[in-house]
$ cat coords29.pdb   # PDB, C-alpha atoms, pLDDT in the B column
ATOM      1  CA  PRO D 166     -39.530  33.680 -63.506  1.00 48.00           C
ATOM      2  CA  LEU D 167     -37.281  34.816 -60.653  1.00 44.00           C
ATOM      3  CA  ARG D 168     -34.736  37.550 -61.237  1.00 47.00           C
ATOM      4  CA  PRO D 169     -31.082  36.401 -61.318  1.00 50.00           C
ATOM      5  CA  GLY D 170     -30.356  38.124 -57.991  1.00 51.00           C
ATOM      6  CA  LYS D 171     -33.309  36.457 -56.304  1.00 46.00           C
ATOM      7  CA  ASN D 172     -32.326  33.081 -57.746  1.00 52.00           C
ATOM      8  CA  ARG D 173     -28.884  33.513 -56.218  1.00 51.00           C
ATOM      9  CA  VAL D 174     -30.358  34.374 -52.822  1.00 49.00           C
ATOM     10  CA  CYS D 175     -32.584  31.272 -52.913  1.00 52.00           C
ATOM     11  CA  ILE D 176     -29.666  29.021 -53.815  1.00 50.00           C
ATOM     12  CA  LEU D 177     -27.468  30.479 -51.077  1.00 50.00           C
ATOM     13  CA  ASP D 178     -30.278  30.114 -48.554  1.00 54.00           C
ATOM     14  CA  LYS D 179     -30.772  26.442 -49.428  1.00 49.00           C
ATOM     15  CA  LEU D 180     -27.022  25.850 -49.292  1.00 49.00           C
ATOM     16  CA  SER D 181     -26.643  27.500 -45.888  1.00 48.00           C
ATOM     17  CA  ARG D 182     -29.558  25.497 -44.460  1.00 48.00           C
ATOM     18  CA  ARG D 183     -28.092  22.270 -45.817  1.00 48.00           C
ATOM     19  CA  MET D 184     -24.655  23.051 -44.357  1.00 46.00           C
ATOM     20  CA  ALA D 185     -26.212  23.841 -40.985  1.00 44.00           C
ATOM     21  CA  ALA D 186     -28.116  20.550 -41.013  1.00 43.00           C
ATOM     22  CA  GLU D 187     -24.953  18.595 -41.820  1.00 42.00           C
ATOM     23  CA  LYS D 188     -23.269  20.065 -38.743  1.00 39.00           C
ATOM     24  CA  GLU D 189     -25.962  18.699 -36.454  1.00 39.00           C
ATOM     25  CA  ASP D 190     -25.185  15.342 -34.809  1.00 39.00           C
ATOM     26  CA  ILE D 191     -28.843  14.411 -35.157  1.00 36.00           C
ATOM     27  CA  PRO D 192     -30.028  11.271 -36.969  1.00 39.00           C
ATOM     28  CA  GLY D 193     -31.914  11.865 -40.182  1.00 37.00           C
ATOM     29  CA  PRO D 194     -32.917  10.261 -43.457  1.00 37.00           C
ATOM     30  CA  VAL D 195     -30.485   9.799 -46.323  1.00 38.00           C
ATOM     31  CA  ALA D 196     -30.540  12.759 -48.687  1.00 43.00           C
ATOM     32  CA  GLY D 197     -29.095  12.882 -52.161  1.00 44.00           C
ATOM     33  CA  THR D 198     -26.315  10.296 -52.052  1.00 43.00           C
ATOM     34  CA  LYS D 199     -28.164   7.074 -51.233  1.00 43.00           C
ATOM     35  CA  ASP D 200     -27.535   5.543 -54.674  1.00 45.00           C
ATOM     36  CA  ALA D 201     -23.764   5.852 -54.177  1.00 74.00           C
ATOM     37  CA  MET D 202     -23.805   4.125 -50.792  1.00 90.00           C
ATOM     38  CA  VAL D 203     -23.890   0.405 -50.021  1.00 95.00           C
ATOM     39  CA  ASN D 204     -24.453  -1.912 -47.091  1.00 96.00           C
ATOM     40  CA  LEU D 205     -20.974  -2.665 -45.742  1.00 97.00           C
ATOM     41  CA  SER D 206     -21.828  -6.019 -44.146  1.00 96.00           C
ATOM     42  CA  GLY D 207     -19.838  -7.767 -46.871  1.00 95.00           C
ATOM     43  CA  ILE D 208     -16.539  -6.178 -45.869  1.00 96.00           C
ATOM     44  CA  ILE D 209     -16.793  -6.365 -42.083  1.00 98.00           C
ATOM     45  CA  ASP D 210     -13.922  -8.412 -40.640  1.00 98.00           C
ATOM     46  CA  TYR D 211     -16.012 -10.847 -38.598  1.00 98.00           C
ATOM     47  CA  SER D 212     -12.926 -12.309 -36.954  1.00 97.00           C
ATOM     48  CA  ARG D 213     -12.382  -8.923 -35.281  1.00 97.00           C
ATOM     49  CA  VAL D 214     -15.818  -8.007 -33.939  1.00 98.00           C
ATOM     50  CA  SER D 215     -16.666  -8.235 -30.252  1.00 98.00           C
ATOM     51  CA  VAL D 216     -19.010  -6.941 -27.573  1.00 98.00           C
ATOM     52  CA  LEU D 217     -18.490  -6.320 -23.870  1.00 98.00           C
ATOM     53  CA  ASN D 218     -21.129  -6.813 -21.163  1.00 98.00           C
ATOM     54  CA  ALA D 219     -23.382  -8.950 -23.339  1.00 98.00           C
ATOM     55  CA  ASP D 220     -25.180 -12.009 -22.008  1.00 97.00           C
ATOM     56  CA  SER D 221     -24.121 -15.538 -22.952  1.00 96.00           C
ATOM     57  CA  LYS D 222     -26.644 -15.802 -25.810  1.00 96.00           C
ATOM     58  CA  ALA D 223     -25.440 -12.689 -27.655  1.00 97.00           C
ATOM     59  CA  ASN D 224     -25.074 -13.096 -31.416  1.00 98.00           C
ATOM     60  CA  LEU D 225     -23.124 -10.050 -32.591  1.00 98.00           C
ATOM     61  CA  LYS D 226     -22.212 -11.533 -35.960  1.00 98.00           C
ATOM     62  CA  GLY D 227     -25.883 -12.355 -36.502  1.00 98.00           C
ATOM     63  CA  ILE D 228     -27.129  -8.804 -35.946  1.00 98.00           C
ATOM     64  CA  LEU D 229     -24.362  -7.478 -38.220  1.00 98.00           C
ATOM     65  CA  LYS D 230     -25.386  -9.901 -40.971  1.00 97.00           C
ATOM     66  CA  GLY D 231     -29.100  -9.177 -40.543  1.00 95.00           C
ATOM     67  CA  GLU D 232     -30.013 -12.696 -39.448  1.00 96.00           C
ATOM     68  CA  ASP D 233     -33.594 -13.228 -38.282  1.00 94.00           C
ATOM     69  CA  GLY D 234     -33.869 -13.827 -34.565  1.00 94.00           C
ATOM     70  CA  ALA D 235     -30.355 -12.597 -33.793  1.00 97.00           C
ATOM     71  CA  ALA D 236     -29.955 -10.375 -30.756  1.00 97.00           C
ATOM     72  CA  VAL D 237     -27.416  -8.795 -28.462  1.00 98.00           C
ATOM     73  CA  ARG D 238     -28.598  -8.162 -24.913  1.00 97.00           C
ATOM     74  CA  SER D 239     -26.661  -6.601 -22.069  1.00 98.00           C
ATOM     75  CA  ASP D 240     -25.950  -8.730 -19.016  1.00 97.00           C
ATOM     76  CA  ALA D 241     -28.850  -8.250 -16.593  1.00 95.00           C
ATOM     77  CA  ASP D 242     -26.568  -9.138 -13.695  1.00 96.00           C
ATOM     78  CA  VAL D 243     -24.279  -6.190 -14.475  1.00 97.00           C
ATOM     79  CA  ASP D 244     -26.025  -3.232 -16.134  1.00 97.00           C
ATOM     80  CA  HIS D 245     -27.596  -1.916 -19.348  1.00 98.00           C
ATOM     81  CA  GLN D 246     -24.461  -0.699 -21.162  1.00 98.00           C
ATOM     82  CA  LEU D 247     -22.817  -2.304 -24.193  1.00 98.00           C
ATOM     83  CA  LEU D 248     -19.450  -1.699 -25.848  1.00 98.00           C
ATOM     84  CA  ILE D 249     -19.253  -2.974 -29.420  1.00 98.00           C
ATOM     85  CA  PHE D 250     -16.070  -3.205 -31.513  1.00 98.00           C
ATOM     86  CA  VAL D 251     -16.314  -3.557 -35.309  1.00 98.00           C
ATOM     87  CA  SER D 252     -13.433  -3.769 -37.796  1.00 98.00           C
ATOM     88  CA  PHE D 253     -13.552  -3.644 -41.580  1.00 98.00           C
ATOM     89  CA  GLN D 254     -11.384  -5.534 -44.035  1.00 97.00           C
ATOM     90  CA  GLU D 255     -10.381  -2.216 -45.589  1.00 97.00           C
ATOM     91  CA  ALA D 256     -10.863   1.464 -44.819  1.00 97.00           C
ATOM     92  CA  VAL D 257     -14.358   2.770 -45.532  1.00 97.00           C
ATOM     93  CA  LYS D 258     -16.182   6.070 -45.756  1.00 97.00           C
ATOM     94  CA  LEU D 259     -19.024   5.644 -43.288  1.00 98.00           C
ATOM     95  CA  HIS D 260     -22.164   7.491 -44.350  1.00 97.00           C
ATOM     96  CA  GLY D 261     -24.598   6.140 -41.775  1.00 98.00           C
ATOM     97  CA  LEU D 262     -25.687   3.408 -39.389  1.00 98.00           C
ATOM     98  CA  GLY D 263     -28.908   1.514 -38.790  1.00 98.00           C
ATOM     99  CA  PHE D 264     -30.172   0.212 -35.453  1.00 98.00           C
ATOM    100  CA  LYS D 265     -33.032  -2.230 -35.079  1.00 97.00           C
ATOM    101  CA  THR D 266     -35.025  -3.166 -31.986  1.00 95.00           C
ATOM    102  CA  PRO D 267     -38.646  -4.282 -32.463  1.00 86.00           C
ATOM    103  CA  ALA D 268     -41.105  -1.777 -31.032  1.00 76.00           C
ATOM    104  CA  SER D 269     -43.496  -4.655 -30.336  1.00 69.00           C
ATOM    105  CA  SER D 270     -41.180  -6.327 -27.810  1.00 64.00           C
ATOM    106  CA  THR D 271     -43.096  -7.598 -24.790  1.00 68.00           C
ATOM    107  CA  ASP D 272     -40.017  -7.815 -22.572  1.00 78.00           C
ATOM    108  CA  ALA D 273     -40.621  -5.135 -19.933  1.00 85.00           C
ATOM    109  CA  LYS D 274     -37.061  -5.493 -18.641  1.00 90.00           C
ATOM    110  CA  ALA D 275     -35.384  -4.617 -21.967  1.00 95.00           C
ATOM    111  CA  SER D 276     -35.436  -1.726 -24.418  1.00 96.00           C
ATOM    112  CA  GLY D 277     -33.466  -0.457 -27.389  1.00 97.00           C
ATOM    113  CA  PRO D 278     -30.485   1.903 -27.316  1.00 98.00           C
ATOM    114  CA  LYS D 279     -30.886   5.639 -26.774  1.00 98.00           C
ATOM    115  CA  THR D 280     -27.510   7.339 -26.264  1.00 98.00           C
ATOM    116  CA  VAL D 281     -24.942   5.860 -28.656  1.00 98.00           C
ATOM    117  CA  LYS D 282     -21.410   7.223 -28.916  1.00 98.00           C
ATOM    118  CA  LEU D 283     -19.149   6.440 -31.876  1.00 98.00           C
ATOM    119  CA  PHE D 284     -15.357   6.365 -31.704  1.00 98.00           C
ATOM    120  CA  VAL D 285     -13.191   5.935 -34.815  1.00 98.00           C
ATOM    121  CA  GLY D 286     -10.019   3.908 -34.284  1.00 96.00           C
ATOM    122  CA  ALA D 287     -10.367   3.690 -30.495  1.00 94.00           C
ATOM    123  CA  THR D 288      -9.571   0.017 -30.043  1.00 90.00           C
ATOM    124  CA  ASN D 289      -8.571   0.116 -26.372  1.00 93.00           C
ATOM    125  CA  LEU D 290     -11.655   1.698 -24.825  1.00 96.00           C
ATOM    126  CA  ASP D 291     -13.294   0.288 -21.728  1.00 97.00           C
ATOM    127  CA  PHE D 292     -16.576   1.454 -20.199  1.00 98.00           C
ATOM    128  CA  GLU D 293     -14.968   4.074 -17.979  1.00 97.00           C
ATOM    129  CA  SER D 294     -12.920   5.662 -20.754  1.00 97.00           C
ATOM    130  CA  ALA D 295     -15.823   5.502 -23.220  1.00 98.00           C
ATOM    131  CA  ALA D 296     -18.005   7.391 -20.752  1.00 97.00           C
ATOM    132  CA  SER D 297     -15.445  10.177 -20.272  1.00 97.00           C
ATOM    133  CA  ALA D 298     -13.804  10.468 -23.719  1.00 97.00           C
ATOM    134  CA  ALA D 299     -15.045  12.835 -26.411  1.00 97.00           C
ATOM    135  CA  PRO D 300     -16.718  10.708 -29.130  1.00 98.00           C
ATOM    136  CA  THR D 301     -16.325  11.205 -32.852  1.00 98.00           C
ATOM    137  CA  GLN D 302     -20.107  11.530 -32.899  1.00 98.00           C
ATOM    138  CA  ALA D 303     -22.996  10.870 -30.525  1.00 98.00           C
ATOM    139  CA  PHE D 304     -26.588   9.951 -31.352  1.00 98.00           C
ATOM    140  CA  ALA D 305     -29.630  10.567 -29.162  1.00 98.00           C
ATOM    141  CA  LEU D 306     -31.979   7.984 -30.642  1.00 98.00           C
ATOM    142  CA  LYS D 307     -35.757   8.128 -30.506  1.00 96.00           C
ATOM    143  CA  PRO D 308     -37.937   4.988 -30.627  1.00 95.00           C
ATOM    144  CA  GLU D 309     -38.779   5.613 -34.289  1.00 96.00           C
ATOM    145  CA  HIS D 310     -35.069   5.499 -35.180  1.00 97.00           C
ATOM    146  CA  LEU D 311     -34.875   1.825 -34.158  1.00 97.00           C
ATOM    147  CA  ASP D 312     -36.517   0.437 -37.300  1.00 96.00           C
ATOM    148  CA  GLY D 313     -33.248  -0.050 -39.201  1.00 96.00           C
ATOM    149  CA  ARG D 314     -33.388   3.231 -41.131  1.00 96.00           C
ATOM    150  CA  GLU D 315     -30.081   4.851 -42.000  1.00 96.00           C
ATOM    151  CA  LEU D 316     -29.016   7.521 -39.507  1.00 97.00           C
ATOM    152  CA  LEU D 317     -26.453   9.882 -40.947  1.00 97.00           C
ATOM    153  CA  THR D 318     -22.968  10.358 -39.624  1.00 98.00           C
ATOM    154  CA  THR D 319     -21.180  13.679 -39.802  1.00 97.00           C
ATOM    155  CA  PHE D 320     -19.663  12.351 -43.002  1.00 96.00           C
ATOM    156  CA  VAL D 321     -16.495  14.463 -43.020  1.00 96.00           C
ATOM    157  CA  LYS D 322     -15.445  12.812 -39.725  1.00 97.00           C
ATOM    158  CA  PHE D 323     -15.831   9.278 -41.098  1.00 98.00           C
ATOM    159  CA  GLN D 324     -13.750   9.342 -44.289  1.00 96.00           C
ATOM    160  CA  ASN D 325     -11.158   6.760 -43.226  1.00 97.00           C
ATOM    161  CA  VAL D 326     -12.727   4.189 -40.913  1.00 98.00           C
ATOM    162  CA  LEU D 327     -10.982   0.869 -40.396  1.00 98.00           C
ATOM    163  CA  GLN D 328     -12.267   0.270 -36.873  1.00 98.00           C
ATOM    164  CA  LEU D 329     -15.307   1.641 -35.069  1.00 98.00           C
ATOM    165  CA  THR D 330     -16.306   1.380 -31.417  1.00 98.00           C
ATOM    166  CA  LEU D 331     -19.910   1.921 -30.347  1.00 98.00           C
ATOM    167  CA  PHE D 332     -20.701   2.732 -26.735  1.00 98.00           C
ATOM    168  CA  ILE D 333     -24.385   2.231 -25.943  1.00 98.00           C
ATOM    169  CA  GLU D 334     -24.642   4.328 -22.826  1.00 98.00           C
ATOM    170  CA  THR D 335     -28.389   4.484 -22.142  1.00 98.00           C
ATOM    171  CA  ASN D 336     -31.565   2.850 -23.409  1.00 97.00           C
ATOM    172  CA  GLN D 337     -35.051   4.036 -24.281  1.00 96.00           C
ATOM    173  CA  LYS D 338     -36.919   3.115 -21.089  1.00 95.00           C
ATOM    174  CA  ASP D 339     -34.148   3.088 -18.493  1.00 96.00           C
ATOM    175  CA  THR D 340     -34.526  -0.672 -18.274  1.00 96.00           C
ATOM    176  CA  ALA D 341     -32.009  -3.053 -16.705  1.00 96.00           C
ATOM    177  CA  VAL D 342     -31.241  -4.587 -20.113  1.00 97.00           C
ATOM    178  CA  THR D 343     -30.449  -3.044 -23.496  1.00 97.00           C
ATOM    179  CA  VAL D 344     -31.332  -5.137 -26.541  1.00 97.00           C
ATOM    180  CA  LEU D 345     -30.258  -4.745 -30.165  1.00 97.00           C
ATOM    181  CA  ASN D 346     -31.572  -6.959 -32.986  1.00 97.00           C
ATOM    182  CA  GLY D 347     -29.894  -5.350 -35.957  1.00 98.00           C
ATOM    183  CA  LEU D 348     -26.850  -3.163 -36.622  1.00 98.00           C
ATOM    184  CA  SER D 349     -25.909  -2.036 -40.122  1.00 98.00           C
ATOM    185  CA  PHE D 350     -23.295   0.247 -41.655  1.00 98.00           C
ATOM    186  CA  ILE D 351     -23.836   2.204 -44.860  1.00 97.00           C
ATOM    187  CA  GLY D 352     -20.999   3.755 -46.832  1.00 97.00           C
ATOM    188  CA  ALA D 353     -18.360   3.048 -49.447  1.00 96.00           C
ATOM    189  CA  PRO D 354     -14.889   1.487 -49.475  1.00 94.00           C
ATOM    190  CA  LYS D 355     -12.321   4.275 -49.458  1.00 92.00           C
ATOM    191  CA  ALA D 356     -10.371   2.610 -52.268  1.00 86.00           C
ATOM    192  CA  GLY D 357     -13.422   1.974 -54.449  1.00 75.00           C
ATOM    193  CA  PHE D 358     -16.055  -0.682 -54.899  1.00 59.00           C
ATOM    194  CA  ASN D 359     -15.627  -4.442 -55.047  1.00 55.00           C
ATOM    195  CA  VAL D 360     -19.037  -5.401 -56.405  1.00 53.00           C
ATOM    196  CA  ALA D 361     -18.616  -9.095 -55.657  1.00 51.00           C
ATOM    197  CA  ALA D 362     -17.962  -8.457 -51.970  1.00 49.00           C
ATOM    198  CA  ILE D 363     -20.554  -5.820 -51.154  1.00 48.00           C
ATOM    199  CA  LYS D 364     -24.318  -6.083 -50.863  1.00 50.00           C
ATOM    200  CA  LYS D 365     -26.232  -3.208 -52.414  1.00 47.00           C
ATOM    201  CA  ILE D 366     -28.193  -1.061 -50.049  1.00 43.00           C
ATOM    202  CA  ASP D 367     -31.397  -1.586 -52.038  1.00 43.00           C
ATOM    203  CA  ASP D 368     -31.206  -5.309 -51.255  1.00 49.00           C
ATOM    204  CA  HIS D 369     -30.757  -4.709 -47.532  1.00 47.00           C
TER
END

$ encode --input "coords29.pdb" --output "structure tokens"
Amino acid sequence: PLRPGKNRVCILDKLSRRMAAEKEDIPGPVAGTKDAMVNLSGIIDYSRVSVLNADSKANLKGILKGEDGAAVRSDADVDHQLLIFVSFQEAVKLHGLGFKTPASSTDAKASGPKTVKLFVGATNLDFESAASAAPTQAFALKPEHLDGRELLTTFVKFQNVLQLTLFIETNQKDTAVTVLNGLSFIGAPKAGFNVAAIKKIDDH
């Protein structure tokens, strides 16, 4: 058995490494609190979601609800960027997000998001201001992150989220079009759970 002093050193070392990891704005797997988190699709205010620079076939509500075949694509006649606005029916603690773009896509002119910037409560952003403003958090996604897995937020910065803006600034292959087939939010209502309204994460 380890001596008490050595045990304390080990615990402090693990704690310091965990705190350092939580400070990184790098996507990663859920650790420790997954069972307390839920898919927040049930409390999105679908009357107050929108996307800018999407083509005419965009189905934002569909990708938020996880509908098969739903997609949001940027307008090929403009550029690859997307600006997505999502509101919730009540304030939430946002633990993570999931992005989905099939790796098997045969469309050479489209690819999934790479640089994604998150802004809490910034309802009046346009593309110019989103590009220059300091985000609440930014993700640099890799292709393997686009399978719908939960990517962690810096949780302390997302304790009171009623509205979230996502600026998709670049995509994976520098293609003319950015495509997104799924977008999910994982967290908990700030005021507590309404089981009837929220879909459990394990069913997602």

$ atom_distance --input "coords29.pdb" --atom1 "CA of Asn346 in chain D" --atom2 "CA of Gly231 in chain D"
8.3 Å

$ atom_distance --input "coords29.pdb" --atom1 "CA of Arg238 in chain D" --atom2 "CA of Asp339 in chain D"
14.1 Å

$ atom_distance --input "coords29.pdb" --atom1 "CA of Asp240 in chain D" --atom2 "CA of Pro278 in chain D"
14.2 Å

$ closest_residue --input "coords29.pdb" --among "D:His310, D:Lys279, D:Lys265, D:Lys355" --to "Val326 in chain D" --atoms "only C-alpha atoms"
D:Lys355

$ closest_residue --input "coords29.pdb" --among "D:Ala296, D:Leu317, D:Val237, D:Leu327" --to "Gly261 in chain D" --atoms "only C-alpha atoms"
D:Leu317

$ resolve_selection --input "coords29.pdb" --expression "the PyMOL selection byres ((chain D and resi 222) around 10)" --output "list of chain:residue names"
D:Ala219, D:Asp220, D:Ser221, D:Ala223, D:Asn224, D:Leu225, D:Ala235, D:Ala236, D:Val237, D:Arg238, D:Ser239, D:Asp240

$ residues_around --input "coords29.pdb" --residues "Ile228 in chain D" --least-positions-apart "6" --cutoff "12 Å" --atoms "only C-alpha atoms" --output "PyMOL selection string"
chain D and resi 206+211+214-216+234-238+249+263-266+313+344-350

$ write_last_selection --input "coords29.pdb" --atoms "C-alpha atoms" --output "short mmCIF file (atom, residue, chain, number, x, y, z; two decimals), in the frame of the given file"
data_model
loop_
_atom_site.label_atom_id
_atom_site.label_comp_id
_atom_site.auth_asym_id
_atom_site.auth_seq_id
_atom_site.Cartn_x
_atom_site.Cartn_y
_atom_site.Cartn_z
CA SER D 206 -21.83 -6.02 -44.15
CA TYR D 211 -16.01 -10.85 -38.60
CA VAL D 214 -15.82 -8.01 -33.94
CA SER D 215 -16.67 -8.24 -30.25
CA VAL D 216 -19.01 -6.94 -27.57
CA GLY D 234 -33.87 -13.83 -34.56
CA ALA D 235 -30.36 -12.60 -33.79
CA ALA D 236 -29.96 -10.38 -30.76
CA VAL D 237 -27.42 -8.80 -28.46
CA ARG D 238 -28.60 -8.16 -24.91
CA ILE D 249 -19.25 -2.97 -29.42
CA GLY D 263 -28.91 1.51 -38.79
CA PHE D 264 -30.17 0.21 -35.45
CA LYS D 265 -33.03 -2.23 -35.08
CA THR D 266 -35.02 -3.17 -31.99
CA GLY D 313 -33.25 -0.05 -39.20
CA VAL D 344 -31.33 -5.14 -26.54
CA LEU D 345 -30.26 -4.74 -30.16
CA ASN D 346 -31.57 -6.96 -32.99
CA GLY D 347 -29.89 -5.35 -35.96
CA LEU D 348 -26.85 -3.16 -36.62
CA SER D 349 -25.91 -2.04 -40.12
CA PHE D 350 -23.30 0.25 -41.66
#

$ residues_near_point --input "coords29.pdb" --point "(-13.2, 5.1, -46.6)" --cutoff "6 Å" --atoms "all atoms listed in the file" --output "PyMOL selection string"
chain D and resi 256-258+324-326+354-355

$ closest_residue --input "coords29.pdb" --among "D:Leu217, D:Leu316, D:Leu311, D:Ala303" --to "Lys282 in chain D" --atoms "all atoms listed in the file"
D:Ala303

$ resolve_selection --input "coords29.pdb" --expression "the PyMOL selection byres ((chain D and resi 208) around 9)" --output "list of chain:residue names"
D:Leu205, D:Ser206, D:Gly207, D:Ile209, D:Asp210, D:Tyr211, D:Ser252, D:Phe253, D:Gln254, D:Glu255, D:Pro354, D:Ala362, D:Ile363

$ closest_residue --input "coords29.pdb" --among "D:Ser294, D:His245, D:Val285, D:Lys226" --to "Thr343 in chain D" --atoms "all atoms listed in the file"
D:His245

$ residues_around --input "coords29.pdb" --residues "Ala273 in chain D" --least-positions-apart "6" --cutoff "10 Å" --atoms "all atoms listed in the file" --output "list in words"
Lys338, Thr340, Ala341 and Val342 of chain D

$ write_last_selection --input "coords29.pdb" --atoms "C-alpha atoms" --output "tab-separated table (two decimals), in the coordinates of the input"
chain	number	residue	atom	x	y	z
D	338	LYS	CA	-36.92	3.12	-21.09
D	340	THR	CA	-34.53	-0.67	-18.27
D	341	ALA	CA	-32.01	-3.05	-16.70
D	342	VAL	CA	-31.24	-4.59	-20.11
